[in-house]
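S.K.: After the structure tokens below, expect a handful of questions from me.
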Amino acid sequence: MKDNQHEQLFMELTAAEAAVVEGGGSFSENVNFDSYEKTREFYVQPGGTIKLTSNTKSASSNSSFGAIIRNVDTNNSNGKIASVGKDTTTWTDIRGGRYVIDFRDDKDGVFVTGDIRVDYTS
């Protein structure tokens, strides 16, 4: 085998390629936002599911926040309200493509902080 063939075997997969190989995936992040934050990009096959599990905190006057899945290529979006605290939000029958989840705080000046986990299938 030539040296460059070894390099080709160990190249990183794109998000789309990894989703096809793995059949989906998951990742965890910490959030800390006042009015807006977004997750990293991930790929979902057509017909797949996105599940957001959150464990967040905020002031008592701020009981919820917006969680919006957004297709990076088309900018189409679908938003839901997530509760501060432990909550699970699910989107099904996804059109497919590259996605992020946008978080919108419903009260400026009051931060939402905590952990999120995103599971996506295809």
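Please note that chains go A, B, ... in the order of the structure tokens, that every chain numbers its residues from 1, and that ligands are numbered from 1 in the order shown.
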Taking the DSSP secondary structure from the backbone, can you list the residues of segment 12-113 of chain A that are strand (DSSP E), as a PyMOL selection string?
M.R.: chain A and resi 24-33+36-38+42-44+50-57+64-71+77-83+86-91+97-105+112-113
S.K.: With only C-alpha atoms as the basis for distance, which of A:Lys86, A:Arg98, A:Arg117, A:Lys80 is at the shortest distance from Phe65 of chain A?
M.R.: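 Ranking A:Lys86, A:Arg98, A:Arg117, A:Lys80 by distance to Phe65 of chain A, first place goes to A:Lys80.
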S.K.: Just the residues within 10 Å of Thr89 of chain A, please, counting only C-alpha atoms, with nothing from its chain fewer than 3 positions along; format it as JSON, numbers by chain.
M.R.: {"A": [50, 51, 52, 53, 54, 67, 80, 81, 82, 83, 118]}
S.K.: Which residues are near Ala59 of chain A? Cut-off 12 Å, only C-alpha atoms, ignore same chain within fewer than 5 positions. Put them as a ChimeraX atom specification.
M.R.: /A:34,64,84-85,105-113
S.K.: Write the selection just made, keeping C-alpha atoms, as a PDB file, in the first residue's frame?
M.R.:
```pdb
ATOM      1  CA  ASP A  34     -29.167  35.397  27.558  1.00  0.00           C
ATOM      2  CA  SER A  64     -39.080  28.327  29.504  1.00  0.00           C
ATOM      3  CA  VAL A  84     -36.283  25.253  32.311  1.00  0.00           C
ATOM      4  CA  GLY A  85     -35.260  22.264  34.450  1.00  0.00           C
ATOM      5  CA  ASP A 105     -34.346  33.041  25.747  1.00  0.00           C
ATOM      6  CA  ASP A 106     -37.827  34.364  26.362  1.00  0.00           C
ATOM      7  CA  LYS A 107     -36.622  37.073  28.777  1.00  0.00           C
ATOM      8  CA  ASP A 108     -33.608  39.308  28.018  1.00  0.00           C
ATOM      9  CA  GLY A 109     -31.231  39.903  30.892  1.00  0.00           C
ATOM     10  CA  VAL A 110     -31.986  36.525  32.508  1.00  0.00           C
ATOM     11  CA  PHE A 111     -29.593  33.723  31.567  1.00  0.00           C
ATOM     12  CA  VAL A 112     -30.436  30.076  30.935  1.00  0.00           C
ATOM     13  CA  THR A 113     -27.560  27.730  31.868  1.00  0.00           C
TER      14      THR A 113
END
```
